[in-house]
Each structure stands twice: as C-alpha cells, then as structure tokens.
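First comes the structure, then the notes that go with it.
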Number of protein chains: 2
Amino acid sequence: MVELQTVELNAVFHALGDVTRRQMLRELADGERTVGQLAEPYEISLAAASKHIKVLETAGLIRREVRGRTHVCRLDPGPLASAHQWLVFYERFWTGRLDVLERLLRAEDTEDPTETNGDEE
Amino acid sequence: MVELQTVELNAVFHALGDVTRRQMLRELADGERTVGQLAEPYEISLAAASKHIKVLETAGLIRREVRGRTHVCRLDPGPLASAHQWLVFYERFWTGRLDVLERLLRAEDTEDPTETNGDEE
DNA sequence: CTTTTATTCAACCATATGGTTGACTGACCG
DNA sequence: CGGTCAGTCAACCATATGGTTGAATAAAAG
C-alpha cells in the first residue's frame, strides 16, 4: 500500500517543482541514463546537474548504480505513485466522473475480469 | 486541454511541497474557509499562514473572495488536474496495466461507447 | 467616534536552494 | 606510470523560503 508519508511527499513534490528535474525524469522514462547524459541538454555545470540528480535520488525518484566510473540512473516510480495517489483524492473536483465512481461502488456484475484492481502498491 | 506549462507546474509542485499547504488544501476540499480558519490549526503566526495561502493562490490552487473584512478561500482544482496529468504519464511505470494501454492502441472495434476518453481538459 | 476583528504589509532573520569554480577521487587508456 | 574521463565535494554567492514581530488598513461592533 502507498504510505504517503509527509516527509516523502515533501521531498517528492519539492523535487518535481523544478523543470530541469522534471525533464530529467522524462529522459529516464526512456531508459537508463548516466549523470553525464542527464546533464548534457542543459547549460549548467556538471556539478549543478549532479545536485539536481541528488535531489531526485534523495526523494527516491531515481536509483543510482555505480558502474565503473560512470553512475547509471534509472527511474523509481514508487514516489511518483505516492504523489499521484495524493492527487487522486482531489480528482472528483475536476472530473465529472462521479458516475464512474458510482458504477464502481455497486455493480460487480458488469466488471471486466481482465483488469479489476491495479492501484495498490 | 491541460496546458502543462512549466511555469504553472513549477509553482504548483512547489506549493504542494509543504505539509502545511497540503493540509490547507485538504481543509478546503471540505468547503470554503477564511484565512483565519485555515491558519487556526497551526502554531505559526497569522502572517506566516497568510504567506502560505498566498503561495497557494499564486499557484492558482485556491481562489480568494474578499467578503467584508474576511477573505474566503476556496479550492481551484485546475492546477491539481495539471499536476495529476503530468504524473499520469508515468503511471505505466507503477501499474501493470500495459495490457490496457495495448488494448487502447489497437482494437477500436472492442471499445465501450459509454466511457472512452475523459482525460482531456 | 473609538475599539475590536480580520488580514496584509514591511522589515528582519536563519536557513535552503540553485548556481558557480576549483580541487579531489577513481576508473579506464596508452 | 601518467593522462584523461566521469563524477563528487567543498567553498562561495545571490536569491528564495518560511518564520518572526510590529505597524498599517479596513470593516464590523459598541
């Protein structure tokens, strides 16, 4: 189950509050990247990029594997799921899909057996 | 359609990166609250709470209506929807629902006309 | 009109953030 | 071994953040 601890959420949302870091995550969504590869698109110094990566890492959003002299990063979706989960609480405020909720609450008779529940962690 | 501008997302995620502000949003999910009401649960000064509220406001997460000498705040879910939308991109990394994606990509023949697409804004 | 009440504003403070540069550590190369 | 490459670390800087207190504004109450 998703824990949603305030400490974690603070770090996660803070990490997401920066374009550079969000773009780095987008990059990592396509696969593993080294620190150098992640830093390359930006005009900042490698040290600055390294700091961004550390922020992502301490927020738990990425994992790092030291492979020889290079550090290979990959996405860790867990914290993103927590953030998503937090936001889901407010989903009713922007969707008109209360009908869907209602449909889920009753009516097990019409459910599709291929995929019923995929939201727990 | 959700714009997902970097400026907006920066402000939104930054605003969400603080427990106090997240709790204020939770409070506002139950209805309108004055600045004083929002500040009351916390041991910080009213001025500090006022700053938090301003952060939420400039991020577009809340709207303020000056009613006499009190300022009444209410939730504006739009930016939350943007943040949610941004996170949805990564949903495939924590759910095993690739089959659903696959089903959407091909097979228009099997689609259910009652609820097909509700994610655009 | 004077006093509360609700809230912001301004000045200030400590710490965090994001950036820089230069030195340092380790791994690979010749 | 000596050089280069990948990346971190440390010191430093400017600005932002979150908090404080005290004064200012403006509406309601007496």
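Going through the structure tokens in order, the chains are called A, B, and so on, while each chain numbers its residues from 1 and the ligands are numbered from 1 in the order shown.
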(message) Could you tell me which residues of chain D sit within 9 Å of chain A when counting only C-alpha atoms (C1' of nucleotides), and give me the result as a PyMOL selection string?
(response) chain D and resi 5-8
Using the selection just defined, write its residues with N, CA and C atoms (P, O5', C5', C4', C3', O3' and C1' of nucleotides) as a JSON list (two decimals), in the first residue's frame.
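Output file result_17.json follows:
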```json
[["chain", "number", "residue", "atom", "x", "y", "z"],
["D", 5, "DC", "P", 39.52, 13.21, -22.28],
["D", 5, "DC", "O5'", 38.33, 12.35, -21.67],
["D", 5, "DC", "C5'", 38.47, 10.92, -21.56],
["D", 5, "DC", "C4'", 37.53, 10.42, -20.45],
["D", 5, "DC", "C3'", 36.30, 11.30, -20.26],
["D", 5, "DC", "O3'", 35.16, 10.46, -20.20],
["D", 5, "DC", "C1'", 37.43, 10.99, -18.20],
["D", 6, "DA", "P", 33.72, 11.16, -20.06],
["D", 6, "DA", "O5'", 33.34, 10.77, -18.57],
["D", 6, "DA", "C5'", 33.15, 9.41, -18.21],
["D", 6, "DA", "C4'", 32.59, 9.32, -16.80],
["D", 6, "DA", "C3'", 31.42, 10.25, -16.55],
["D", 6, "DA", "O3'", 30.42, 9.56, -15.83],
["D", 6, "DA", "C1'", 33.18, 10.72, -15.03],
["D", 7, "DG", "P", 29.01, 10.31, -15.52],
["D", 7, "DG", "O5'", 29.33, 10.91, -14.09],
["D", 7, "DG", "C5'", 29.67, 10.01, -13.03],
["D", 7, "DG", "C4'", 30.17, 10.78, -11.84],
["D", 7, "DG", "C3'", 29.25, 11.89, -11.36],
["D", 7, "DG", "O3'", 28.60, 11.46, -10.18],
["D", 7, "DG", "C1'", 31.57, 12.47, -11.23],
["D", 8, "DT", "P", 27.68, 12.43, -9.29],
["D", 8, "DT", "O5'", 28.62, 12.79, -8.05],
["D", 8, "DT", "C5'", 29.30, 11.72, -7.41],
["D", 8, "DT", "C4'", 30.33, 12.28, -6.41],
["D", 8, "DT", "C3'", 29.72, 13.22, -5.37],
["D", 8, "DT", "O3'", 30.19, 12.81, -4.09],
["D", 8, "DT", "C1'", 31.54, 14.27, -6.45]]
```
Residues within 10 Å of C:DG18, only C-alpha atoms (C1' of nucleotides), excluding chain neighbours under 6 positions, as a JSON list (two decimals) with N, CA and C atoms (P, O5', C5', C4', C3', O3' and C1' of nucleotides), in the first residue's frame:
```
[["chain", "number", "residue", "atom", "x", "y", "z"],
["A", 48, "ALA", "N", 26.20, 21.29, -10.98],
["A", 48, "ALA", "CA", 24.82, 21.70, -10.75],
["A", 48, "ALA", "C", 23.87, 20.57, -11.13],
["A", 49, "ALA", "N", 24.12, 19.94, -12.26],
["A", 49, "ALA", "CA", 23.28, 18.81, -12.68],
["A", 49, "ALA", "C", 23.38, 17.69, -11.66],
["A", 51, "LYS", "N", 23.82, 17.99, -8.56],
["A", 51, "LYS", "CA", 22.99, 18.34, -7.41],
["A", 51, "LYS", "C", 21.52, 18.01, -7.69],
["A", 52, "HIS", "N", 21.06, 18.35, -8.87],
["A", 52, "HIS", "CA", 19.68, 18.04, -9.25],
["A", 52, "HIS", "C", 19.44, 16.54, -9.13],
["D", 14, "DA", "P", 27.02, 37.97, -4.00],
["D", 14, "DA", "O5'", 25.60, 37.68, -4.66],
["D", 14, "DA", "C5'", 25.54, 37.23, -6.01],
["D", 14, "DA", "C4'", 24.12, 36.77, -6.31],
["D", 14, "DA", "C3'", 23.04, 37.70, -5.77],
["D", 14, "DA", "O3'", 22.00, 37.81, -6.73],
["D", 14, "DA", "C1'", 22.81, 35.53, -4.80],
["D", 15, "DT", "P", 20.77, 38.80, -6.43],
["D", 15, "DT", "O5'", 19.62, 37.76, -6.10],
["D", 15, "DT", "C5'", 19.44, 36.64, -6.97],
["D", 15, "DT", "C4'", 18.54, 35.63, -6.31],
["D", 15, "DT", "C3'", 17.23, 36.20, -5.73],
["D", 15, "DT", "O3'", 16.18, 35.44, -6.28],
["D", 15, "DT", "C1'", 18.30, 34.79, -4.17],
["D", 16, "DA", "P", 14.65, 35.81, -5.93],
["D", 16, "DA", "O5'", 14.24, 34.55, -5.06],
["D", 16, "DA", "C5'", 14.54, 33.25, -5.56],
["D", 16, "DA", "C4'", 14.04, 32.20, -4.59],
["D", 16, "DA", "C3'", 12.64, 32.45, -4.04],
["D", 16, "DA", "O3'", 12.01, 31.19, -3.96],
["D", 16, "DA", "C1'", 14.21, 32.35, -2.26]]
```
(request) Name the residues in contact with B:Val55 at a cut-off of 12 Å, using only C-alpha atoms (C1' of nucleotides), excluding same-chain residues fewer than 2 positions from it; report them as a list of chain:residue names. (result) B:Asn10, B:Ala11, B:Val12, B:Phe13, B:His14, B:Ala15, B:Leu16, B:Gly17, B:Asp18, B:Thr20, B:Arg21, B:Arg22, B:Met24, B:Leu25, B:Ala48, B:Ala49, B:Ser50, B:Lys51, B:His52, B:Ile53, B:Glu57, B:Thr58, B:Ala59, B:Gly60, B:Leu61, B:Ile62, B:Arg63, D:DT17, D:DG18
(request) Taking only C-alpha atoms (C1' of nucleotides) into account, report as a VMD selection string which residues of chain C lie within 7 Å of chain A. (result) chain C and resid 19 26 to 27
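Every chain B residue lying within 8 Å of chain A, based on only C-alpha atoms, is listed here: Thr6, Leu9, Asn10, Ala11, Val12, Phe13, His14, Leu16, Gly17, Asp18, Val19, Ala29, Pro77, Gly78, Leu80, Ala81, Ala83, His84, Leu87, Val88, Tyr90, Glu91, Phe93, Trp94, Thr95, Gly96, Arg97, Val100 and Gly118 of chain B.
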Could you turn the residues from that selection into a file that holds C-alpha atoms, as a short mmCIF file (atom, residue, chain, number, x, y, z; two decimals), in the first residue's frame?
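Full text of result-v9.cif as output:
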```
data_model
loop_
_atom_site.label_atom_id
_atom_site.label_comp_id
_atom_site.auth_asym_id
_atom_site.auth_seq_id
_atom_site.Cartn_x
_atom_site.Cartn_y
_atom_site.Cartn_z
CA THR B 6 6.45 24.70 -16.92
CA LEU B 9 3.84 23.27 -12.83
CA ASN B 10 6.81 24.79 -11.05
CA ALA B 11 4.51 26.87 -8.88
CA VAL B 12 2.03 24.06 -8.32
CA PHE B 13 4.55 21.42 -7.33
CA HIS B 14 6.40 23.91 -5.20
CA LEU B 16 2.46 21.12 -2.84
CA GLY B 17 5.92 20.57 -1.40
CA ASP B 18 4.88 21.81 2.02
CA VAL B 19 2.78 19.88 4.53
CA ALA B 29 -11.71 20.21 -0.03
CA PRO B 77 -8.82 22.17 -8.86
CA GLY B 78 -7.46 23.14 -12.29
CA LEU B 80 -4.17 19.98 -9.42
CA ALA B 81 -5.54 18.45 -12.60
CA ALA B 83 -0.16 18.10 -11.85
CA HIS B 84 -2.16 14.92 -11.97
CA LEU B 87 2.02 12.29 -13.26
CA VAL B 88 -0.30 10.19 -15.35
CA TYR B 90 4.42 7.83 -15.50
CA GLU B 91 1.50 5.70 -14.47
CA PHE B 93 5.78 2.54 -14.53
CA TRP B 94 3.95 1.58 -11.40
CA THR B 95 0.90 -0.20 -12.73
CA GLY B 96 0.94 -3.46 -14.54
CA ARG B 97 -1.74 -2.17 -16.81
CA VAL B 100 -4.90 -1.77 -21.00
CA GLY B 118 -12.38 11.52 -20.10
#
```
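The interatomic distance for the pair atom CA of A:Gln5 and atom CA of A:Ser82 works out to 8.8 Å.
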(request) Using only C-alpha atoms (C1' of nucleotides), determine which residues lie at most 10 Å from D:DA29, disregarding the query and same-chain residues fewer than 6 positions distant; provide the list as number ranges by chain. (result) C: 3-5
May I have the residues from that selection written out with C-alpha atoms (C1' of nucleotides), as a CSV table (one decimal), in the first residue's frame?
```
chain,number,residue,atom,x,y,z
C,3,DT,C1',-12.4,49.8,19.7
C,4,DT,C1',-12.2,45.2,18.0
C,5,DT,C1',-11.5,41.9,14.5
```
(request) Could you jot down the atom CA of B:Glu27 to atom CA of B:Leu56 separation for me, Å, one decimal place? (result)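 We find that atom CA of B:Glu27 and atom CA of B:Leu56 lie 12.9 Å from each other.
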(request) Please run DSSP on the backbone and report, as a PyMOL selection string, all residues within stretch 8-38 of chain B that come out as helix (DSSP H, G or I). (result) chain B and resi 8-16+19-28+35-38
Could the residues in this selection be written to a file with N, CA and C atoms, as a short mmCIF file (atom, residue, chain, number, x, y, z; two decimals), in the first residue's frame?
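What follows is the written file result_35.cif:
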```
data_model
loop_
_atom_site.label_atom_id
_atom_site.label_comp_id
_atom_site.auth_asym_id
_atom_site.auth_seq_id
_atom_site.Cartn_x
_atom_site.Cartn_y
_atom_site.Cartn_z
N GLU B 8 3.58 27.12 -14.62
CA GLU B 8 2.49 26.69 -13.77
C GLU B 8 2.90 25.48 -12.92
N LEU B 9 3.47 24.49 -13.56
CA LEU B 9 3.84 23.27 -12.83
C LEU B 9 4.89 23.55 -11.77
N ASN B 10 5.83 24.42 -12.07
CA ASN B 10 6.81 24.79 -11.05
C ASN B 10 6.11 25.31 -9.81
N ALA B 11 5.21 26.27 -10.01
CA ALA B 11 4.51 26.87 -8.88
C ALA B 11 3.63 25.85 -8.16
N VAL B 12 2.94 25.04 -8.92
CA VAL B 12 2.03 24.06 -8.32
C VAL B 12 2.79 23.05 -7.49
N PHE B 13 3.80 22.43 -8.07
CA PHE B 13 4.55 21.42 -7.33
C PHE B 13 5.27 22.05 -6.14
N HIS B 14 5.76 23.25 -6.34
CA HIS B 14 6.40 23.91 -5.20
C HIS B 14 5.40 24.12 -4.07
N ALA B 15 4.20 24.57 -4.43
CA ALA B 15 3.18 24.80 -3.41
C ALA B 15 2.84 23.50 -2.69
N LEU B 16 2.83 22.41 -3.44
CA LEU B 16 2.46 21.12 -2.84
C LEU B 16 3.59 20.53 -1.99
N VAL B 19 3.88 20.56 3.82
CA VAL B 19 2.78 19.88 4.53
C VAL B 19 1.66 20.83 4.89
N THR B 20 2.03 21.98 5.44
CA THR B 20 1.02 22.95 5.86
C THR B 20 0.10 23.28 4.69
N ARG B 21 0.69 23.57 3.56
CA ARG B 21 -0.13 23.94 2.41
C ARG B 21 -0.97 22.77 1.92
N ARG B 22 -0.41 21.57 1.93
CA ARG B 22 -1.20 20.41 1.52
C ARG B 22 -2.39 20.21 2.46
N GLN B 23 -2.15 20.41 3.75
CA GLN B 23 -3.24 20.25 4.71
C GLN B 23 -4.30 21.32 4.52
N MET B 24 -3.86 22.52 4.18
CA MET B 24 -4.82 23.59 3.90
C MET B 24 -5.70 23.20 2.72
N LEU B 25 -5.11 22.61 1.72
CA LEU B 25 -5.90 22.18 0.56
C LEU B 25 -6.92 21.11 0.98
N ARG B 26 -6.46 20.19 1.84
CA ARG B 26 -7.38 19.17 2.34
C ARG B 26 -8.56 19.80 3.05
N GLU B 27 -8.25 20.81 3.82
CA GLU B 27 -9.31 21.53 4.54
C GLU B 27 -10.28 22.16 3.55
N LEU B 28 -9.72 22.77 2.52
CA LEU B 28 -10.56 23.45 1.53
C LEU B 28 -11.36 22.47 0.69
N VAL B 35 -9.21 32.92 5.92
CA VAL B 35 -7.79 32.87 6.22
C VAL B 35 -7.58 32.46 7.68
N GLY B 36 -8.36 33.05 8.55
CA GLY B 36 -8.26 32.73 9.96
C GLY B 36 -8.55 31.26 10.25
N GLN B 37 -9.58 30.74 9.60
CA GLN B 37 -9.91 29.33 9.79
C GLN B 37 -8.80 28.43 9.29
N LEU B 38 -8.22 28.79 8.17
CA LEU B 38 -7.13 27.98 7.62
C LEU B 38 -5.91 28.02 8.52
#
```
